[in-house]
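File shown: data-v1.cif (mmCIF, C-alpha atoms and all ligand atoms).
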data_model
loop_
_atom_site.label_atom_id
_atom_site.label_comp_id
_atom_site.auth_asym_id
_atom_site.auth_seq_id
_atom_site.Cartn_x
_atom_site.Cartn_y
_atom_site.Cartn_z
CA MET U 1 105.47 94.79 90.23
CA ARG U 2 103.92 94.28 93.67
CA ARG U 3 100.45 92.78 93.76
CA LEU U 4 97.94 94.48 96.01
CA LEU U 5 97.00 92.60 99.17
CA ILE U 6 93.81 93.18 101.10
CA ALA U 7 93.91 91.39 104.46
CA ALA U 8 90.96 91.10 106.83
CA ASN U 9 91.78 90.93 110.53
CA TRP U 10 88.63 89.72 112.22
CA LYS U 11 90.16 89.98 115.70
CA MET U 12 87.93 88.34 118.36
CA HIS U 13 84.77 88.31 116.24
CA LYS U 14 82.55 85.67 114.60
CA VAL U 15 81.62 82.20 115.77
CA LYS U 16 81.77 79.42 113.19
CA ALA U 17 78.30 79.92 111.74
CA GLU U 18 78.93 83.64 111.29
CA ALA U 19 82.24 82.98 109.57
CA GLN U 20 80.62 80.51 107.23
CA GLN U 21 77.80 82.89 106.41
CA PHE U 22 80.36 85.57 105.64
CA ALA U 23 82.03 83.28 103.12
CA VAL U 24 78.70 82.47 101.48
CA GLU U 25 78.01 86.17 100.96
CA PHE U 26 81.56 87.31 100.23
CA LEU U 27 82.89 84.79 97.71
CA PRO U 28 80.43 85.48 94.87
CA ARG U 29 81.20 89.19 95.16
CA VAL U 30 84.92 88.64 94.57
CA ALA U 31 84.75 85.72 92.14
CA ALA U 32 85.99 87.85 89.23
CA VAL U 33 88.84 89.54 91.13
CA GLU U 34 92.22 89.10 89.44
CA LYS U 35 94.60 91.79 90.52
CA VAL U 36 94.19 91.73 94.29
CA ASP U 37 95.41 89.05 96.68
CA MET U 38 92.92 88.47 99.50
CA VAL U 39 93.53 87.02 102.95
CA ILE U 40 91.04 86.51 105.76
CA CYS U 41 92.33 86.04 109.30
CA PRO U 42 89.59 84.64 111.55
CA ALA U 43 90.00 83.66 115.20
CA PHE U 44 91.67 80.25 115.71
CA THR U 45 88.28 78.63 116.26
CA GLY U 46 87.12 79.84 112.85
CA LEU U 47 90.08 78.52 110.86
CA SER U 48 88.73 75.08 110.13
CA VAL U 49 85.33 76.19 108.92
CA MET U 50 86.88 78.98 106.85
CA ASN U 51 89.45 76.64 105.33
CA SER U 52 86.58 74.55 103.98
CA ALA U 53 84.48 77.54 103.01
CA LEU U 54 87.30 79.22 101.06
CA ALA U 55 88.46 76.04 99.29
CA GLY U 56 88.53 76.53 95.53
CA SER U 57 88.44 80.32 95.80
CA ARG U 58 91.33 82.79 95.49
CA VAL U 59 90.81 83.96 99.06
CA MET U 60 93.60 82.74 101.32
CA LEU U 61 93.50 81.93 105.00
CA GLY U 62 95.58 83.60 107.68
CA ALA U 63 95.89 83.49 111.46
CA GLN U 64 96.14 86.39 113.86
CA ASN U 65 98.98 85.08 116.01
CA MET U 66 101.22 82.08 116.66
CA TYR U 67 103.92 80.87 119.04
CA TRP U 68 107.51 80.27 117.98
CA GLU U 69 108.18 76.83 119.47
CA ALA U 70 107.39 73.77 117.36
CA GLN U 71 105.52 71.95 120.13
CA GLY U 72 105.61 71.34 123.85
CA ALA U 73 104.26 72.54 127.17
CA PHE U 74 103.00 75.97 126.10
CA THR U 75 99.41 76.02 127.28
CA GLY U 76 97.12 78.03 125.08
CA GLU U 77 99.61 78.53 122.27
CA VAL U 78 99.49 77.44 118.62
CA SER U 79 102.53 76.63 116.45
CA ALA U 80 103.31 77.56 112.87
CA ALA U 81 103.00 73.91 111.83
CA MET U 82 99.52 73.77 113.38
CA LEU U 83 98.51 76.82 111.37
CA ILE U 84 99.82 75.33 108.14
CA ASP U 85 97.93 72.16 109.01
CA ALA U 86 94.78 74.26 109.48
CA GLY U 87 95.20 75.68 105.97
CA CYS U 88 96.86 79.02 106.76
CA ARG U 89 99.22 80.68 104.31
CA TYR U 90 99.64 83.92 106.25
CA VAL U 91 99.96 84.93 109.89
CA ILE U 92 99.69 88.38 111.47
CA ILE U 93 102.63 88.98 113.78
CA GLY U 94 103.16 91.77 116.29
CA HIS U 95 99.74 93.38 115.97
CA SER U 96 99.59 96.43 118.22
CA GLU U 97 96.80 94.88 120.29
CA ARG U 98 99.15 92.01 121.08
CA ARG U 99 102.00 94.39 121.80
CA HIS U 100 99.99 96.78 123.95
CA ILE U 101 97.23 94.65 125.54
CA LEU U 102 99.04 91.31 125.78
CA GLY U 103 102.57 92.45 126.43
CA GLU U 104 104.32 91.22 123.29
CA ASN U 105 107.73 92.77 122.79
CA ASN U 106 110.18 93.07 119.91
CA PHE U 107 112.06 89.95 121.04
CA MET U 108 108.89 87.83 120.89
CA VAL U 109 107.92 89.34 117.55
CA HIS U 110 111.32 88.40 116.13
CA LYS U 111 111.04 84.80 117.37
CA LYS U 112 107.57 84.47 115.88
CA LEU U 113 108.67 85.93 112.57
CA ALA U 114 111.60 83.54 112.35
CA ALA U 115 109.42 80.53 113.15
CA ALA U 116 106.75 81.58 110.64
CA LEU U 117 109.30 81.91 107.83
CA GLU U 118 111.01 78.65 108.73
CA ASN U 119 107.69 76.85 108.43
CA GLY U 120 106.61 78.47 105.18
CA LEU U 121 104.00 80.81 106.62
CA LYS U 122 104.01 84.34 105.24
CA PRO U 123 104.14 86.84 108.09
CA ILE U 124 102.24 90.11 108.05
CA LEU U 125 104.49 92.03 110.41
CA CYS U 126 102.72 94.95 112.10
CA VAL U 127 104.62 98.05 113.10
CA GLY U 128 103.38 101.42 114.27
CA GLU U 129 103.73 104.16 116.83
CA THR U 130 101.42 105.30 119.62
CA LEU U 131 99.91 108.79 119.67
CA GLN U 132 102.33 109.88 122.35
CA GLU U 133 105.27 108.66 120.30
CA ARG U 134 104.00 110.54 117.25
CA GLU U 135 103.44 113.71 119.25
CA ASN U 136 106.98 113.43 120.58
CA ASN U 137 108.33 113.05 117.05
CA LEU U 138 109.39 109.49 117.76
CA ALA U 139 107.20 107.74 115.17
CA MET U 140 110.00 106.95 112.74
CA GLN U 141 112.43 105.89 115.43
CA VAL U 142 109.88 103.51 116.95
CA VAL U 143 108.96 101.97 113.61
CA GLN U 144 112.61 101.61 112.64
CA GLU U 145 113.37 99.83 115.93
CA GLN U 146 110.39 97.51 115.51
CA LEU U 147 111.51 96.63 111.98
CA GLN U 148 115.14 96.12 112.89
CA HIS U 149 114.41 93.93 115.88
CA ALA U 150 111.87 91.87 113.99
CA LEU U 151 113.95 91.21 110.90
CA ALA U 152 117.51 91.18 112.26
CA GLY U 153 119.49 88.22 110.97
CA LEU U 154 116.60 86.63 109.10
CA ASP U 155 117.02 85.28 105.61
CA PHE U 156 113.84 85.49 103.55
CA GLU U 157 112.44 85.92 100.09
CA PRO U 158 110.97 89.43 99.74
CA GLU U 159 107.73 88.02 98.37
CA ASP U 160 107.26 86.07 101.62
CA VAL U 161 107.15 89.02 103.99
CA VAL U 162 104.45 91.67 104.29
CA ILE U 163 104.80 94.74 106.50
CA ALA U 164 101.69 96.48 107.82
CA TYR U 165 102.11 100.04 109.01
CA GLU U 166 99.39 100.56 111.59
CA PRO U 167 99.63 103.69 113.70
CA VAL U 168 98.20 102.59 117.04
CA TRP U 169 96.10 105.74 117.39
CA ALA U 170 94.34 105.01 114.10
CA ILE U 171 93.22 101.46 114.92
CA GLY U 172 89.52 101.10 115.62
CA THR U 173 89.23 104.80 116.39
CA GLY U 174 87.75 106.05 113.12
CA ILE U 175 90.77 108.33 112.79
CA ASN U 176 93.03 107.68 109.80
CA ALA U 177 96.60 108.67 109.32
CA SER U 178 96.59 111.20 106.50
CA TYR U 179 97.39 109.71 103.09
CA HIS U 180 100.49 111.81 103.13
CA ASP U 181 101.67 110.55 106.54
CA ALA U 182 100.90 106.95 105.59
CA GLN U 183 102.88 107.23 102.34
CA GLU U 184 105.72 108.99 104.12
CA MET U 185 105.98 106.16 106.64
CA ALA U 186 105.62 103.47 103.97
CA LEU U 187 108.52 105.01 102.07
CA PHE U 188 110.53 105.25 105.30
CA ILE U 189 109.84 101.56 105.92
CA ARG U 190 110.89 100.66 102.38
CA ARG U 191 114.16 102.55 102.83
CA GLY U 192 114.68 100.77 106.15
CA LEU U 193 114.08 97.43 104.46
CA ALA U 194 116.61 98.33 101.77
CA ALA U 195 119.18 99.07 104.46
CA LEU U 196 118.41 95.76 106.19
CA SER U 197 118.47 93.70 102.98
CA SER U 198 118.89 95.29 99.55
CA GLU U 199 117.19 97.87 97.33
CA GLU U 200 115.97 95.10 95.10
CA ALA U 201 114.47 93.07 97.93
CA ALA U 202 112.88 96.16 99.45
CA SER U 203 111.24 97.00 96.14
CA LYS U 204 109.48 93.62 96.21
CA ILE U 205 108.21 93.64 99.81
CA ARG U 206 104.57 94.62 100.18
CA ILE U 207 103.74 97.35 102.65
CA LEU U 208 100.15 97.69 103.82
CA TYR U 209 98.44 100.52 105.64
CA GLY U 210 96.06 99.72 108.49
CA GLY U 211 93.94 101.82 110.81
CA SER U 212 90.27 102.66 110.28
CA VAL U 213 90.38 101.76 106.58
CA LYS U 214 86.89 101.71 105.07
CA ALA U 215 85.26 101.42 101.66
CA ASP U 216 85.03 105.19 101.36
CA ASN U 217 88.65 106.00 102.20
CA ILE U 218 90.68 103.04 100.92
CA ASP U 219 91.22 104.41 97.42
CA LYS U 220 93.49 107.26 98.51
CA PHE U 221 95.67 104.89 100.52
CA LEU U 222 95.97 102.40 97.67
CA GLN U 223 96.92 105.20 95.28
CA GLN U 224 100.07 105.97 97.26
CA PRO U 225 103.19 104.66 95.49
CA ASP U 226 104.59 102.73 98.47
CA ILE U 227 101.30 101.37 99.84
CA ASP U 228 100.49 97.95 98.44
CA GLY U 229 97.28 97.14 100.22
CA ALA U 230 95.48 97.33 103.54
CA LEU U 231 95.04 95.43 106.78
CA ILE U 232 91.45 95.96 107.78
CA GLY U 233 89.74 95.29 111.09
CA GLY U 234 86.26 96.65 111.74
CA ALA U 235 85.31 97.26 108.11
CA SER U 236 86.26 93.69 107.13
CA LEU U 237 83.47 92.12 109.20
CA GLU U 238 80.74 92.80 106.62
CA PRO U 239 80.98 90.91 103.32
CA ALA U 240 79.72 93.83 101.22
CA SER U 241 82.18 96.20 102.86
CA LEU U 242 85.22 93.94 102.39
CA ALA U 243 84.17 93.13 98.83
CA ALA U 244 83.79 96.84 98.06
CA MET U 245 87.35 97.49 99.28
CA VAL U 246 88.72 94.63 97.20
CA GLY U 247 86.80 96.10 94.27
CA VAL U 248 88.52 99.44 94.76
CA GLY U 249 91.88 97.65 94.73
CA GLU U 250 90.99 95.92 91.48
CA HIS U 251 90.73 99.28 89.72
CA VAL U 252 93.08 101.57 91.54
CA LYS U 253 96.58 100.86 90.25
P1 LIG F 1 90.63 98.77 112.19
O1 LIG F 1 91.76 97.72 112.63
O2 LIG F 1 90.51 98.65 110.70
O3 LIG F 1 89.40 98.35 112.92
O4 LIG F 1 91.12 100.13 112.60
C1 LIG F 1 92.90 97.51 111.84
C2 LIG F 1 93.79 96.50 112.52
O5 LIG F 1 93.87 96.49 113.76
O6 LIG F 1 94.43 95.66 111.86
#
Starting from the file, give its structure as structure tokens.
Ligand code: PGA
Amino acid sequence: MRRLLIAANWKMHKVKAEAQQFAVEFLPRVAAVEKVDMVICPAFTGLSVMNSALAGSRVMLGAQNMYWEAQGAFTGEVSAAMLIDAGCRYVIIGHSERRHILGENNFMVHKKLAAALENGLKPILCVGETLQERENNLAMQVVQEQLQHALAGLDFEPEDVVIAYEPVWAIGTGINASYHDAQEMALFIRRGLAALSSEEAASKIRILYGGSVKADNIDKFLQQPDIDGALIGGASLEPASLAAMVGVGEHVK
């Protein structure tokens, strides 16, 4: 049985005081949550304050990116060990904004994934097609290639890897994939995972949907049999909004 995971991707938002205030307002609202795993991924500068603020709660800390080398002359980069040291349990890898704005490719995503797993960080691997790729009927091919490149040759426990299907055209646009399309792709991903590892492993890997998820549309996504949670950007910035979505997860499956 896969536990639901609701992950907040704060992107480049919130200075320390704002992050702390979020925690003050959010934690009481989710204090009774039992069925949903919760992760908040602030900017690097917010990790320390959030690690303290979340201590003693069931809300886990994640980062939005990392570099694959352990240490060295890599100006501006942060290693997996540094993230563990900062209190992170999860790390988002291969987000489409990193792929499309910052030039990350499948090779880099694979190296990051390998380094995260080696260091005991749970990766949330993002995959997804652009609008043009979907219109050209390439969505499944693109997602399959992203998955294959990312996971090739890696040995991991299925519980340690999370896949987030985020169609690029649905991120921050207010446009969702249809529930049907999201489920179809989640199932396609699960079959791809089975081919890469085993049926049993694939049945244990959590697959999230992401892209303009909000409190008033999350229920239909979470009801889909192969969708095990959501990766949420814009709507995760308000405590009441994120708590409402976690609340939906608590009752949906
Ligand atoms: P959004 O972002 O919820 O603002 O569309 C999702 C994401 O990029 O992870």
Ligand LIG 1 (chain F) proximity check over U:Leu54, U:Leu196, U:Ala23, U:Ala8, using only C-alpha atoms and all ligand atoms: winner is U:Ala8
May I ask you to write as a list in words all residues lying at most 6 Å from ligand LIG 1 (chain F), with only C-alpha atoms and all ligand atoms counted?
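Listed by chain and ascending number, the contacts are Asn9, Ile171, Gly172, Gly210, Gly211, Ser212, Val213, Leu231, Ile232, Gly233, Gly234 and Ala235 of chain U.
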Would you mind listing what lies within 6 Å of Glu129 (chain U) as a PyMOL selection string, with all atoms listed in the file counted and same-chain residues fewer than 4 positions away left out?
chain U and resi 133+139+167-168
Counting all atoms listed in the file, which of U:Ser178, U:Lys220, U:Gln148, U:Val143 gets nearest to Ala194 (chain U)?
U:Gln148
With all atoms listed in the file as the counted atoms, please give the residues lying no more than 9 Å from Ser236 (chain U), apart from itself and same-chain residues fewer than 5 positions off, as an MDAnalysis selection string.
chainID U and resid 7:10 40 214 231 241:243 245
Which of these, U:His95, U:Arg191, U:Gly249, U:Arg89, has the shortest distance to Ile6 (chain U) once you count only C-alpha atoms?
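Among the listed residues, the smallest separation from Ile6 (chain U) belongs to U:Gly249.
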May I have the residues within 8 Å of region 163-165 of chain U as a ChimeraX atom specification, using only C-alpha atoms and disregarding those fewer than 5 positions away in the same chain?
/U:124-128,182,185-186,205-210,230-231
What's the 7 Å shell around Ala114 (chain U), counting all atoms listed in the file, without same-chain residues fewer than 4 positions away, as a list in words?
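Answer for this query is His110, Glu118 and Leu154 of chain U.
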Please measure the separation of CA of Gln144 (chain U) and CA of Trp169 (chain U), giving the value in Å to one decimal.
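Atom-to-atom, CA of Gln144 (chain U) to CA of Trp169 (chain U), that is 17.7 Å.
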Atom pair CA of Leu151 (chain U) + CA of Lys122 (chain U), distance 13.3 Å
